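Source file: input.txt; contents: compact mmCIF, C-alpha atoms.
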# COMPACT_ATOMS: atom_id res chain seq x y z
CA MET A 28 4.55 -30.77 -368.91
CA THR A 29 1.65 -33.20 -369.09
CA TYR A 30 -1.95 -32.19 -368.49
CA ARG A 31 -4.95 -34.28 -367.60
CA LEU A 32 -8.36 -32.76 -366.97
CA LEU A 33 -10.80 -34.43 -364.60
CA TYR A 34 -14.36 -33.19 -364.74
CA LEU A 35 -17.94 -34.38 -364.89
CA ASN A 36 -19.47 -35.30 -368.22
CA ILE A 37 -21.13 -31.90 -368.49
CA ARG A 38 -20.07 -28.43 -369.71
CA ALA A 39 -20.58 -26.03 -366.78
CA ARG A 40 -17.36 -25.14 -364.92
CA GLY A 41 -15.15 -27.51 -366.87
CA GLU A 42 -15.92 -26.04 -370.26
CA PRO A 43 -13.78 -22.88 -369.90
CA ILE A 44 -10.78 -25.13 -369.14
CA ARG A 45 -11.56 -27.39 -372.12
CA TRP A 46 -11.75 -24.38 -374.43
CA LEU A 47 -8.58 -22.88 -373.03
CA LEU A 48 -6.52 -26.07 -373.35
CA ARG A 49 -7.64 -26.25 -376.97
CA ALA A 50 -7.00 -22.57 -377.65
CA LEU A 51 -3.47 -23.08 -376.27
CA GLU A 52 -3.05 -26.10 -378.53
CA VAL A 53 -1.35 -28.05 -375.77
CA GLU A 54 -1.78 -31.79 -375.52
CA PHE A 55 -3.94 -33.08 -372.72
CA GLU A 56 -5.93 -36.10 -371.67
CA GLU A 57 -9.41 -35.87 -370.34
CA GLU A 58 -11.38 -38.00 -367.93
CA ARG A 59 -15.11 -37.34 -368.12
CA ILE A 60 -16.77 -38.59 -364.95
CA ASP A 61 -20.40 -39.66 -365.19
CA MET A 62 -22.40 -37.55 -362.74
CA PHE A 63 -24.76 -40.33 -361.74
CA THR A 64 -22.77 -43.56 -361.90
CA GLU A 65 -19.17 -42.53 -361.21
CA TRP A 66 -19.06 -39.27 -359.28
CA GLY A 67 -19.93 -40.71 -355.85
CA ALA A 68 -16.84 -42.94 -355.78
CA LYS A 69 -14.55 -40.49 -357.58
CA LYS A 70 -15.34 -37.71 -355.13
CA GLU A 71 -13.81 -39.78 -352.32
CA GLU A 72 -10.52 -40.05 -354.20
CA LEU A 73 -10.15 -36.32 -354.71
CA LYS A 74 -8.34 -34.37 -352.03
CA TRP A 75 -10.72 -31.41 -352.10
CA GLY A 76 -13.75 -33.51 -353.06
CA GLN A 77 -14.47 -31.40 -356.11
CA THR A 78 -13.82 -31.07 -359.81
CA PRO A 79 -12.65 -29.62 -362.14
CA VAL A 80 -9.13 -30.74 -361.37
CA LEU A 81 -6.19 -30.28 -363.69
CA GLU A 82 -3.40 -32.79 -363.22
CA VAL A 83 -0.16 -30.96 -363.92
CA ASP A 84 2.66 -33.50 -364.15
CA GLY A 85 0.61 -35.70 -361.87
CA GLU A 86 -0.09 -32.98 -359.28
CA HIS A 87 -3.72 -31.95 -358.76
CA LEU A 88 -4.75 -28.32 -359.16
CA GLY A 89 -8.34 -27.29 -358.50
CA GLN A 90 -10.66 -24.29 -358.98
CA THR A 91 -11.70 -23.25 -362.48
CA THR A 92 -10.49 -19.66 -362.33
CA VAL A 93 -7.17 -20.66 -360.74
CA ILE A 94 -6.57 -23.35 -363.36
CA CYS A 95 -7.36 -20.97 -366.21
CA ARG A 96 -5.14 -18.20 -364.91
CA TYR A 97 -2.34 -20.71 -364.34
CA LEU A 98 -2.61 -22.02 -367.90
CA GLY A 99 -2.88 -18.53 -369.38
CA GLU A 100 0.22 -17.28 -367.58
CA LYS A 101 2.18 -20.46 -368.20
CA HIS A 102 1.55 -20.39 -371.93
CA ASP A 103 1.87 -16.64 -372.48
CA LEU A 104 -1.80 -16.01 -373.10
CA ALA A 105 -1.91 -13.36 -370.40
CA VAL A 106 -1.36 -9.65 -369.86
CA GLU A 107 1.88 -8.61 -368.21
CA ASP A 108 0.71 -5.56 -366.27
CA SER A 109 -0.34 -6.57 -362.76
CA TRP A 110 -3.12 -3.98 -362.29
CA THR A 111 -4.67 -5.06 -365.61
CA ALA A 112 -4.36 -8.71 -364.57
CA THR A 113 -6.16 -7.79 -361.34
CA ARG A 114 -9.00 -6.09 -363.24
CA GLN A 115 -9.29 -9.08 -365.55
CA GLN A 116 -9.38 -11.44 -362.58
CA GLU A 117 -12.15 -9.37 -360.99
CA ALA A 118 -14.28 -9.70 -364.14
CA VAL A 119 -13.53 -13.42 -364.35
CA GLU A 120 -14.67 -13.99 -360.75
CA TYR A 121 -17.92 -12.08 -361.24
CA LEU A 122 -18.80 -14.14 -364.30
CA HIS A 123 -17.70 -17.38 -362.64
CA ASP A 124 -19.87 -16.66 -359.56
CA VAL A 125 -22.98 -16.92 -361.71
CA SER A 126 -22.17 -20.57 -362.32
CA SER A 127 -22.77 -21.40 -358.62
CA LEU A 128 -26.21 -19.80 -358.78
CA ALA A 129 -27.00 -21.61 -362.03
CA ALA A 130 -25.76 -24.91 -360.58
CA PHE A 131 -28.22 -24.61 -357.68
CA ALA A 132 -31.02 -23.77 -360.13
CA PHE A 133 -30.22 -26.92 -362.14
CA TYR A 134 -29.97 -28.97 -358.96
CA PHE A 135 -33.35 -27.88 -357.61
CA ARG A 136 -35.00 -28.32 -361.01
CA MET A 137 -33.69 -31.90 -361.01
CA LYS A 138 -35.14 -32.38 -357.51
CA GLY A 139 -38.47 -31.00 -358.74
CA ASP A 140 -38.32 -28.15 -356.21
CA GLU A 141 -39.86 -25.36 -358.28
CA GLU A 142 -39.72 -22.71 -355.55
CA GLN A 143 -35.99 -23.09 -354.89
CA LYS A 144 -35.25 -23.41 -358.58
CA GLU A 145 -37.02 -20.08 -359.06
CA PHE A 146 -35.13 -18.48 -356.19
CA PHE A 147 -31.79 -19.30 -357.78
CA MET A 148 -32.90 -18.54 -361.34
CA GLY A 149 -34.08 -15.17 -360.01
CA ARG A 150 -30.54 -14.55 -358.80
CA VAL A 151 -29.13 -15.62 -362.17
CA ARG A 152 -31.55 -13.31 -364.01
CA GLU A 153 -30.54 -10.45 -361.76
CA ARG A 154 -26.80 -11.03 -361.94
CA LEU A 155 -26.10 -12.14 -365.48
CA PRO A 156 -27.30 -9.08 -367.44
CA MET A 157 -25.36 -6.84 -365.02
CA VAL A 158 -22.22 -8.91 -365.44
CA VAL A 159 -22.62 -8.90 -369.24
CA LYS A 160 -23.06 -5.13 -369.29
CA ASN A 161 -19.87 -4.65 -367.28
CA LEU A 162 -17.90 -7.13 -369.37
CA GLU A 163 -19.01 -5.27 -372.51
CA ASP A 164 -17.46 -2.10 -371.06
CA LEU A 165 -14.16 -3.91 -370.58
CA VAL A 166 -13.78 -4.99 -374.21
CA THR A 167 -11.40 -2.60 -375.93
CA ASP A 168 -12.76 -0.72 -378.93
CA GLU A 169 -9.61 -1.23 -380.99
CA ALA A 170 -8.69 -4.88 -380.58
CA GLY A 171 -11.99 -6.23 -379.27
CA TRP A 172 -10.48 -8.23 -376.39
CA LEU A 173 -11.02 -7.87 -372.66
CA LEU A 174 -8.64 -5.24 -371.26
CA SER A 175 -5.91 -6.32 -373.64
CA PRO A 176 -4.66 -5.51 -377.14
CA LYS A 177 -4.30 -9.23 -377.86
CA MET A 178 -6.40 -12.28 -377.00
CA THR A 179 -5.75 -13.68 -373.51
CA TRP A 180 -7.04 -16.61 -371.47
CA VAL A 181 -9.68 -14.24 -370.11
CA ASP A 182 -11.33 -13.94 -373.53
CA VAL A 183 -11.46 -17.70 -373.92
CA PHE A 184 -12.83 -18.08 -370.39
CA VAL A 185 -15.52 -15.44 -370.94
CA ALA A 186 -16.47 -16.89 -374.33
CA ALA A 187 -16.81 -20.43 -372.94
CA TYR A 188 -19.22 -19.24 -370.24
CA LEU A 189 -21.19 -16.93 -372.52
CA ASP A 190 -21.55 -19.80 -374.98
CA GLN A 191 -23.47 -21.57 -372.19
CA TYR A 192 -25.42 -18.56 -371.01
CA VAL A 193 -26.69 -17.06 -374.27
CA ASP A 194 -29.61 -19.49 -374.33
CA MET A 195 -30.44 -19.05 -370.67
CA ILE A 196 -31.72 -15.49 -370.80
CA ASP A 197 -33.47 -14.11 -373.88
CA GLY A 198 -31.48 -11.42 -375.63
CA LEU A 199 -28.61 -11.62 -373.14
CA LEU A 200 -26.06 -10.24 -375.61
CA GLU A 201 -28.47 -7.99 -377.50
CA GLU A 202 -26.93 -4.79 -376.19
CA ALA A 203 -23.42 -6.21 -376.08
CA PRO A 204 -22.16 -6.11 -379.68
CA LYS A 205 -18.50 -6.26 -378.66
CA LEU A 206 -19.06 -9.43 -376.62
CA GLN A 207 -21.03 -10.96 -379.49
CA GLU A 208 -18.06 -10.33 -381.74
CA LEU A 209 -15.59 -11.64 -379.13
CA LEU A 210 -17.62 -14.83 -378.70
CA ALA A 211 -17.77 -15.32 -382.48
CA ARG A 212 -14.03 -14.82 -382.81
CA VAL A 213 -13.16 -17.29 -380.06
CA ARG A 214 -15.64 -19.81 -381.45
CA SER A 215 -14.01 -19.51 -384.85
CA LEU A 216 -10.49 -20.39 -383.67
CA PRO A 217 -9.78 -23.63 -385.56
CA SER A 218 -9.12 -25.64 -382.40
CA ILE A 219 -12.29 -24.38 -380.74
CA GLN A 220 -14.36 -24.88 -383.87
CA GLU A 221 -13.16 -28.47 -383.93
CA TRP A 222 -14.20 -28.93 -380.29
CA LEU A 223 -17.63 -27.38 -380.89
CA GLU A 224 -18.21 -29.97 -383.59
CA ALA A 225 -16.78 -32.89 -381.61
CA ARG A 226 -18.12 -32.27 -378.11
CA PRO A 227 -20.94 -34.39 -376.69
CA ALA A 228 -24.42 -32.94 -376.99
CA LEU A 229 -25.96 -31.45 -373.87
CA HIS A 230 -27.54 -33.91 -371.47
CA GLU A 231 -31.20 -33.34 -370.84
CA PHE A 232 -30.43 -32.20 -367.28
CA GLU A 233 -28.00 -29.55 -368.58
CA SER A 234 -30.51 -27.95 -370.93
CA ASN A 235 -32.01 -24.56 -370.21
CA GLU A 236 -35.49 -25.97 -370.70
CA GLY A 237 -37.85 -24.92 -367.94
CA LEU A 238 -35.32 -22.83 -366.03
CA MET B 844 -2.42 5.32 -352.66
CA THR B 845 -5.68 5.79 -350.77
CA TYR B 846 -7.93 2.91 -349.76
CA ARG B 847 -11.58 2.91 -348.82
CA LEU B 848 -13.43 -0.28 -348.01
CA LEU B 849 -17.15 -0.58 -348.67
CA TYR B 850 -18.91 -3.49 -347.06
CA LEU B 851 -21.99 -4.42 -345.08
CA ASN B 852 -21.98 -3.98 -341.30
CA ILE B 853 -21.19 -7.66 -340.82
CA ARG B 854 -18.00 -9.77 -340.78
CA ALA B 855 -18.42 -12.48 -343.42
CA ARG B 856 -16.58 -11.75 -346.68
CA GLY B 857 -15.41 -8.30 -345.66
CA GLU B 858 -13.54 -9.43 -342.58
CA PRO B 859 -10.52 -10.95 -344.38
CA ILE B 860 -9.99 -7.59 -346.09
CA ARG B 861 -10.36 -5.70 -342.81
CA TRP B 862 -7.78 -7.95 -341.16
CA LEU B 863 -5.41 -7.70 -344.09
CA LEU B 864 -5.54 -3.89 -344.30
CA ARG B 865 -4.72 -3.80 -340.60
CA ALA B 866 -1.96 -6.41 -340.85
CA LEU B 867 -0.43 -4.29 -343.62
CA GLU B 868 -0.70 -1.23 -341.41
CA VAL B 869 -1.86 0.90 -344.32
CA GLU B 870 -4.30 3.73 -343.79
CA PHE B 871 -7.83 3.22 -345.01
CA GLU B 872 -11.33 4.49 -344.55
CA GLU B 873 -14.26 2.23 -344.10
CA GLU B 874 -17.92 2.57 -344.97
CA ARG B 875 -20.09 0.05 -343.13
CA ILE B 876 -23.41 -0.28 -344.94
CA ASP B 877 -26.43 -1.32 -342.88
CA MET B 878 -27.84 -4.50 -344.40
CA PHE B 879 -31.44 -3.63 -343.75
CA THR B 880 -31.73 0.15 -344.06
CA GLU B 881 -28.97 1.14 -346.50
CA TRP B 882 -28.03 -1.79 -348.70
CA GLY B 883 -31.01 -1.59 -351.09
CA ALA B 884 -30.11 1.92 -352.26
CA LYS B 885 -26.33 1.40 -352.11
CA LYS B 886 -26.52 -1.71 -354.29
CA GLU B 887 -27.91 0.41 -357.13
CA GLU B 888 -24.88 2.70 -357.02
CA LEU B 889 -22.37 -0.11 -357.31
CA LYS B 890 -21.30 -1.15 -360.77
CA TRP B 891 -21.34 -4.88 -360.04
CA GLY B 892 -24.16 -4.64 -357.49
CA GLN B 893 -22.07 -6.32 -354.78
CA THR B 894 -19.71 -5.69 -351.92
CA PRO B 895 -17.00 -5.93 -350.67
CA VAL B 896 -15.51 -3.22 -352.82
CA LEU B 897 -12.12 -1.67 -352.25
CA GLU B 898 -11.74 1.86 -353.58
CA VAL B 899 -8.15 2.19 -354.77
CA ASP B 900 -7.44 5.86 -355.51
CA GLY B 901 -11.16 6.22 -356.21
CA GLU B 902 -11.37 3.21 -358.53
CA HIS B 903 -13.60 0.33 -357.43
CA LEU B 904 -12.17 -3.18 -357.16
CA GLY B 905 -14.45 -6.07 -356.21
CA GLN B 906 -14.23 -9.72 -355.12
CA THR B 907 -12.75 -10.63 -351.74
CA THR B 908 -10.04 -12.98 -352.99
CA VAL B 909 -8.99 -10.60 -355.79
CA ILE B 910 -8.81 -7.65 -353.38
CA CYS B 911 -6.73 -9.63 -350.88
CA ARG B 912 -4.28 -10.93 -353.46
CA TYR B 913 -3.96 -7.42 -354.91
CA LEU B 914 -3.18 -5.95 -351.48
CA GLY B 915 -0.78 -8.76 -350.59
CA GLU B 916 1.22 -8.39 -353.79
CA LYS B 917 1.15 -4.60 -353.71
CA HIS B 918 2.50 -4.45 -350.16
CA ASP B 919 5.01 -7.31 -350.39
CA LEU B 920 3.07 -9.70 -348.23
CA ALA B 921 3.14 -12.37 -350.92
CA VAL B 922 5.29 -15.22 -352.21
CA GLU B 923 7.34 -14.59 -355.32
CA ASP B 924 7.25 -18.02 -356.93
CA SER B 925 4.32 -18.27 -359.32
CA TRP B 926 3.56 -21.99 -358.81
CA THR B 927 3.45 -21.45 -355.04
CA ALA B 928 1.21 -18.41 -355.55
CA THR B 929 -1.06 -20.63 -357.65
CA ARG B 930 -1.23 -23.30 -354.92
CA GLN B 931 -1.97 -20.63 -352.33
CA GLN B 932 -4.71 -19.15 -354.51
CA GLU B 933 -6.27 -22.60 -354.91
CA ALA B 934 -6.45 -23.01 -351.13
CA VAL B 935 -7.84 -19.49 -350.74
CA GLU B 936 -10.63 -20.17 -353.25
CA TYR B 937 -11.65 -23.44 -351.59
CA LEU B 938 -11.95 -21.75 -348.20
CA HIS B 939 -13.71 -18.72 -349.69
CA ASP B 940 -16.27 -20.95 -351.45
CA VAL B 941 -17.58 -22.10 -348.08
CA SER B 942 -18.69 -18.53 -347.40
CA SER B 943 -21.30 -18.73 -350.20
CA LEU B 944 -22.77 -21.88 -348.68
CA ALA B 945 -22.76 -20.31 -345.22
CA ALA B 946 -24.36 -17.13 -346.57
CA PHE B 947 -27.28 -19.13 -347.99
CA ALA B 948 -27.64 -20.98 -344.66
CA PHE B 949 -27.84 -17.62 -342.82
CA TYR B 950 -30.26 -16.27 -345.42
CA PHE B 951 -32.66 -19.21 -345.16
CA ARG B 952 -32.47 -19.20 -341.35
CA MET B 953 -33.47 -15.54 -341.45
CA LYS B 954 -36.38 -16.44 -343.75
CA GLY B 955 -37.40 -19.20 -341.32
CA ASP B 956 -36.94 -21.86 -344.02
CA GLU B 957 -35.54 -24.69 -341.91
CA GLU B 958 -35.30 -27.20 -344.73
CA GLN B 959 -33.22 -24.98 -347.00
CA LYS B 960 -31.13 -23.77 -344.08
CA GLU B 961 -30.35 -27.42 -343.33
CA PHE B 962 -29.50 -28.15 -346.97
CA PHE B 963 -26.86 -25.43 -347.02
CA MET B 964 -25.56 -26.14 -343.52
CA GLY B 965 -25.20 -29.77 -344.62
CA ARG B 966 -22.95 -28.55 -347.42
CA VAL B 967 -20.96 -26.39 -344.98
CA ARG B 968 -20.54 -29.34 -342.60
CA GLU B 969 -19.35 -31.51 -345.45
CA ARG B 970 -16.95 -28.98 -346.96
CA LEU B 971 -15.41 -27.16 -344.05
CA PRO B 972 -13.66 -30.06 -342.23
CA MET B 973 -12.24 -31.22 -345.57
CA VAL B 974 -10.97 -27.75 -346.38
CA VAL B 975 -9.46 -27.40 -342.89
CA LYS B 976 -7.71 -30.77 -343.20
CA ASN B 977 -6.17 -29.74 -346.52
CA LEU B 978 -5.16 -26.31 -345.26
CA GLU B 979 -3.45 -27.99 -342.28
CA ASP B 980 -1.34 -30.00 -344.74
CA LEU B 981 -0.24 -26.78 -346.44
CA VAL B 982 1.14 -25.15 -343.30
CA THR B 983 4.90 -25.58 -343.27
CA ASP B 984 6.38 -27.42 -340.29
CA GLU B 985 9.27 -25.00 -339.91
CA ALA B 986 7.75 -21.55 -340.15
CA GLY B 987 4.10 -22.40 -339.56
CA TRP B 988 2.74 -20.35 -342.45
CA LEU B 989 0.81 -21.50 -345.51
CA LEU B 990 3.24 -22.61 -348.23
CA SER B 991 5.67 -19.89 -347.29
CA PRO B 992 8.65 -19.36 -344.94
CA LYS B 993 7.20 -15.97 -343.90
CA MET B 994 3.69 -14.70 -343.23
CA THR B 995 1.77 -13.72 -346.37
CA TRP B 996 -1.68 -12.29 -347.11
CA VAL B 997 -2.90 -15.88 -347.40
CA ASP B 998 -2.27 -16.52 -343.71
CA VAL B 999 -4.21 -13.41 -342.73
CA PHE B 1000 -7.02 -14.35 -345.11
CA VAL B 1001 -7.24 -17.91 -343.76
CA ALA B 1002 -7.09 -16.72 -340.15
CA ALA B 1003 -9.89 -14.18 -340.67
CA TYR B 1004 -12.20 -16.86 -342.09
CA LEU B 1005 -11.24 -19.51 -339.49
CA ASP B 1006 -11.91 -16.95 -336.77
CA GLN B 1007 -15.51 -16.93 -338.04
CA TYR B 1008 -15.80 -20.66 -338.61
CA VAL B 1009 -14.35 -22.10 -335.38
CA ASP B 1010 -17.69 -21.64 -333.59
CA MET B 1011 -19.75 -23.00 -336.46
CA ILE B 1012 -18.66 -26.63 -336.29
CA ASP B 1013 -17.69 -28.26 -332.98
CA GLY B 1014 -14.03 -29.16 -332.81
CA LEU B 1015 -13.30 -27.81 -336.28
CA LEU B 1016 -9.61 -27.22 -335.53
CA GLU B 1017 -9.19 -30.09 -333.08
CA GLU B 1018 -7.02 -32.08 -335.46
CA ALA B 1019 -5.37 -29.05 -336.97
CA PRO B 1020 -2.75 -27.92 -334.44
CA LYS B 1021 -0.75 -25.97 -337.04
CA LEU B 1022 -3.80 -23.96 -338.06
CA GLN B 1023 -4.67 -23.31 -334.41
CA GLU B 1024 -1.20 -21.91 -333.93
CA LEU B 1025 -1.40 -19.88 -337.17
CA LEU B 1026 -4.74 -18.41 -336.11
CA ALA B 1027 -3.34 -17.51 -332.68
CA ARG B 1028 -0.28 -15.86 -334.22
CA VAL B 1029 -2.31 -13.75 -336.66
CA ARG B 1030 -4.75 -12.80 -333.90
CA SER B 1031 -1.85 -11.65 -331.75
CA LEU B 1032 -0.41 -9.21 -334.29
CA PRO B 1033 -0.78 -5.85 -332.49
CA SER B 1034 -2.87 -4.29 -335.27
CA ILE B 1035 -5.20 -7.31 -335.41
CA GLN B 1036 -5.45 -7.53 -331.64
CA GLU B 1037 -6.51 -3.90 -331.62
CA TRP B 1038 -9.19 -4.62 -334.22
CA LEU B 1039 -10.47 -7.67 -332.33
CA GLU B 1040 -11.03 -5.43 -329.33
CA ALA B 1041 -12.53 -2.53 -331.28
CA ARG B 1042 -14.75 -4.29 -333.80
CA PRO B 1043 -18.54 -4.25 -333.40
CA ALA B 1044 -20.08 -7.28 -331.72
CA LEU B 1045 -21.81 -9.82 -333.95
CA HIS B 1046 -25.36 -9.00 -334.95
CA GLU B 1047 -27.92 -11.54 -333.85
CA PHE B 1048 -28.44 -12.60 -337.48
CA GLU B 1049 -24.69 -13.29 -337.87
CA SER B 1050 -24.49 -15.62 -334.88
CA ASN B 1051 -24.04 -19.36 -335.31
CA GLU B 1052 -27.02 -19.99 -333.04
CA GLY B 1053 -29.39 -22.54 -334.51
CA LEU B 1054 -27.37 -23.17 -337.65
Can the structure from this file be put into structure tokens for me?
Amino acid sequence: MTYRLLYLNIRARGEPIRWLLRALEVEFEEERIDMFTEWGAKKEELKWGQTPVLEVDGEHLGQTTVICRYLGEKHDLAVEDSWTATRQQEAVEYLHDVSSLAAFAFYFRMKGDEEQKEFFMGRVRERLPMVVKNLEDLVTDEAGWLLSPKMTWVDVFVAAYLDQYVDMIDGLLEEAPKLQELLARVRSLPSIQEWLEARPALHEFESNEGL
Amino acid sequence: MTYRLLYLNIRARGEPIRWLLRALEVEFEEERIDMFTEWGAKKEELKWGQTPVLEVDGEHLGQTTVICRYLGEKHDLAVEDSWTATRQQEAVEYLHDVSSLAAFAFYFRMKGDEEQKEFFMGRVRERLPMVVKNLEDLVTDEAGWLLSPKMTWVDVFVAAYLDQYVDMIDGLLEEAPKLQELLARVRSLPSIQEWLEARPALHEFESNEGL
């Protein structure tokens, strides 16, 4: 099985997949597409016109949450019970949804449209604390993972998004000690730690400044 | 197993679940929440602050695509092979994504913000034909269902969204004869036909007029 990840040269929706591939310690190649100089042409080549895309033995698979679930199940980093998997997937989708709102906020900030930027940041500020509160309730007291006695792809996915969101809203994890701990534990996996040290710094347009 | 569906009194993201519950011929109750008079208070009661929600034996499950997959697998209207299920889920998510763009277009039209309405409709016009083209490629020549020799929840899901989108973009299914046929076959299931005759007419704010 060979993997190749295609995504823009930003964190956003590709970062959970990057973390997960590293947490799984599987080999993969990565193509980082420059948003401004390369994306226009690349988009035309992609069947669904979007990234992230994971090439699995040459076949393209899209959609962040689908890719992550696929990888988690394939490499035994998943729960077996189907109702639990459903509850995990629900949580994953709620957290992932915030990324669309944030993406529009970033887009309108880049366009200099303060009013629309504020509209979407308002939605992010409304949604994110609620999502965090609910995720906190899903972390088990004993093991400290989301709806599971052992770490699954869902923990890596949640950690990779929270890592991006903690700076966006002041005190986001203040009342979520279990998520703080979960994020710290995922960040301290050797393969993730290595990535955190090696990954490119944030572009100016990805920063939370002025959101 | 008792089911109760909570959603706004519109079609949109709730309609695929309504169609699926009927296609499965399972009993369920439905609470239709008025967008203008009831939603504000109801939102506060809901853990994730969003609908649709399916109550499963009193427990709340959210997210349209998660609910539909859950119901499909639970009631044997699903493929068994996990790679095929992954490919189906990918297609489902791409189609479902369009509903967020459309929702913003409807929202900004309601607010009388022509420029923002046009921004989001531009995205819908760009995405939807591409998604339809790709879905068409996934319909099998023999059986006429999406990546499956028999009808699955994915076909019902796709049909329920296409039923809403066919009027939005002129000639959307013109080059998609297999999807036209799939839509017609799902619409002609007795339980769906019954629903199409019984369901409330579109509200003015749900119409495609002026989009």
Interface rows for chain A against chain B: nearest pair, Å to one decimal, 9 Å, all atoms listed in the file, as JSON lines:
{"residue": "A:Lys74", "atom": "CA", "partner": "B:Asn977", "partner_atom": "CA", "distance": 7.5}
{"residue": "A:Trp75", "atom": "CA", "partner": "B:Met973", "partner_atom": "CA", "distance": 6.7}
{"residue": "A:Gly76", "atom": "CA", "partner": "B:Met973", "partner_atom": "CA", "distance": 8.0}
{"residue": "A:Leu88", "atom": "CA", "partner": "B:Glu933", "partner_atom": "CA", "distance": 7.3}
{"residue": "A:Gly89", "atom": "CA", "partner": "B:Glu933", "partner_atom": "CA", "distance": 6.3}
{"residue": "A:Gln90", "atom": "CA", "partner": "B:Glu933", "partner_atom": "CA", "distance": 6.2}
{"residue": "A:Val93", "atom": "CA", "partner": "B:Glu933", "partner_atom": "CA", "distance": 6.2}
{"residue": "A:Ile94", "atom": "CA", "partner": "B:Thr929", "partner_atom": "CA", "distance": 8.4}
{"residue": "A:Arg96", "atom": "CA", "partner": "B:Thr929", "partner_atom": "CA", "distance": 8.7}
{"residue": "A:Tyr97", "atom": "CA", "partner": "B:Thr929", "partner_atom": "CA", "distance": 6.8}
{"residue": "A:Ser109", "atom": "CA", "partner": "B:Tyr913", "partner_atom": "CA", "distance": 8.7}
{"residue": "A:Trp110", "atom": "CA", "partner": "B:Tyr913", "partner_atom": "CA", "distance": 8.2}
{"residue": "A:Thr113", "atom": "CA", "partner": "B:Tyr913", "partner_atom": "CA", "distance": 6.8}
{"residue": "A:Arg114", "atom": "CA", "partner": "B:Leu904", "partner_atom": "CA", "distance": 7.4}
{"residue": "A:Gln116", "atom": "CA", "partner": "B:Val909", "partner_atom": "CA", "distance": 6.9}
{"residue": "A:Glu117", "atom": "CA", "partner": "B:Val909", "partner_atom": "CA", "distance": 6.2}
{"residue": "A:Ala118", "atom": "CA", "partner": "B:Gly905", "partner_atom": "CA", "distance": 8.7}
{"residue": "A:Glu120", "atom": "CA", "partner": "B:Gln906", "partner_atom": "CA", "distance": 7.1}
{"residue": "A:Tyr121", "atom": "CA", "partner": "B:Gln906", "partner_atom": "CA", "distance": 7.5}
{"residue": "A:Ser127", "atom": "CA", "partner": "B:Ser943", "partner_atom": "CA", "distance": 9.0}
{"residue": "A:Gln143", "atom": "CA", "partner": "B:Gln959", "partner_atom": "CA", "distance": 8.6}
{"residue": "A:Arg154", "atom": "CA", "partner": "B:Gly892", "partner_atom": "CA", "distance": 8.2}
{"residue": "A:Met157", "atom": "CA", "partner": "B:Trp891", "partner_atom": "CA", "distance": 6.7}
{"residue": "A:Val158", "atom": "CA", "partner": "B:Trp891", "partner_atom": "CA", "distance": 6.8}
{"residue": "A:Asn161", "atom": "CA", "partner": "B:Trp891", "partner_atom": "CA", "distance": 7.4}
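Taking atom CA of B:Glu961 and atom CA of B:Arg854 as endpoints, the distance between them is 21.7 Å.
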Determine, counting only C-alpha atoms, which protein, DNA and RNA residues have an atom within 9 Å of an atom of B:Arg861; residues of the same chain fewer than 3 positions away are not included. Present the result as a list in words. Leu848, Arg854, Gly857, Glu858, Leu864, Arg865, Ala866, Glu873, Ala1003 and Trp1038 of chain B
Could you state the separation of atom CA of B:Ala1041 and atom CA of B:Glu872 in Å, given to one decimal place? 15.1 Å
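Between atom CA of B:Gln1036 and atom CA of B:Val1001 the interatomic distance comes to 16.1 Å.
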Minimum-distance residue to B:Phe947, chosen among B:Ala855, B:Leu889, B:Met878, B:Leu1039 (using all atoms listed in the file): B:Ala855
For A:Leu173, the closest of A:Glu208, A:Glu202, A:Glu142, A:Asp197 counting all atoms listed in the file is A:Glu208
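For A:Leu206, the non-local neighbours within 8 Å, defined as residues at least 5 positions apart in the same chain or in other chains and counting all atoms listed in the file, are A:Leu162, A:Glu163, A:Val166, A:Leu200.
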Write out as a PyMOL selection string the residues lying within 12 Å of B:Arg952, counting all atoms listed in the file and excluding same-chain residues fewer than 2 positions away. chain B and resi 945-950+954-964+1047-1054
For the residues selected in the previous step, produce a file with C-alpha atoms as a tab-separated table (two decimals), in the frame of the given file.
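Result written to part.tsv:
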chain	number	residue	atom	x	y	z
B	945	ALA	CA	-22.76	-20.31	-345.22
B	946	ALA	CA	-24.36	-17.13	-346.57
B	947	PHE	CA	-27.28	-19.13	-347.99
B	948	ALA	CA	-27.64	-20.98	-344.66
B	949	PHE	CA	-27.84	-17.62	-342.82
B	950	TYR	CA	-30.26	-16.27	-345.42
B	954	LYS	CA	-36.38	-16.44	-343.75
B	955	GLY	CA	-37.40	-19.20	-341.32
B	956	ASP	CA	-36.94	-21.86	-344.02
B	957	GLU	CA	-35.54	-24.69	-341.91
B	958	GLU	CA	-35.30	-27.20	-344.73
B	959	GLN	CA	-33.22	-24.98	-347.00
B	960	LYS	CA	-31.13	-23.77	-344.08
B	961	GLU	CA	-30.35	-27.42	-343.33
B	962	PHE	CA	-29.50	-28.15	-346.97
B	963	PHE	CA	-26.86	-25.43	-347.02
B	964	MET	CA	-25.56	-26.14	-343.52
B	1047	GLU	CA	-27.92	-11.54	-333.85
B	1048	PHE	CA	-28.44	-12.60	-337.48
B	1049	GLU	CA	-24.69	-13.29	-337.87
B	1050	SER	CA	-24.49	-15.62	-334.88
B	1051	ASN	CA	-24.04	-19.36	-335.31
B	1052	GLU	CA	-27.02	-19.99	-333.04
B	1053	GLY	CA	-29.39	-22.54	-334.51
B	1054	LEU	CA	-27.37	-23.17	-337.65
Using all atoms listed in the file, which residues sit within 8 Å of A:Leu174 once same-chain residues fewer than 2 positions away are excluded, as a ChimeraX atom specification? /A:111,115,165-167,172,176
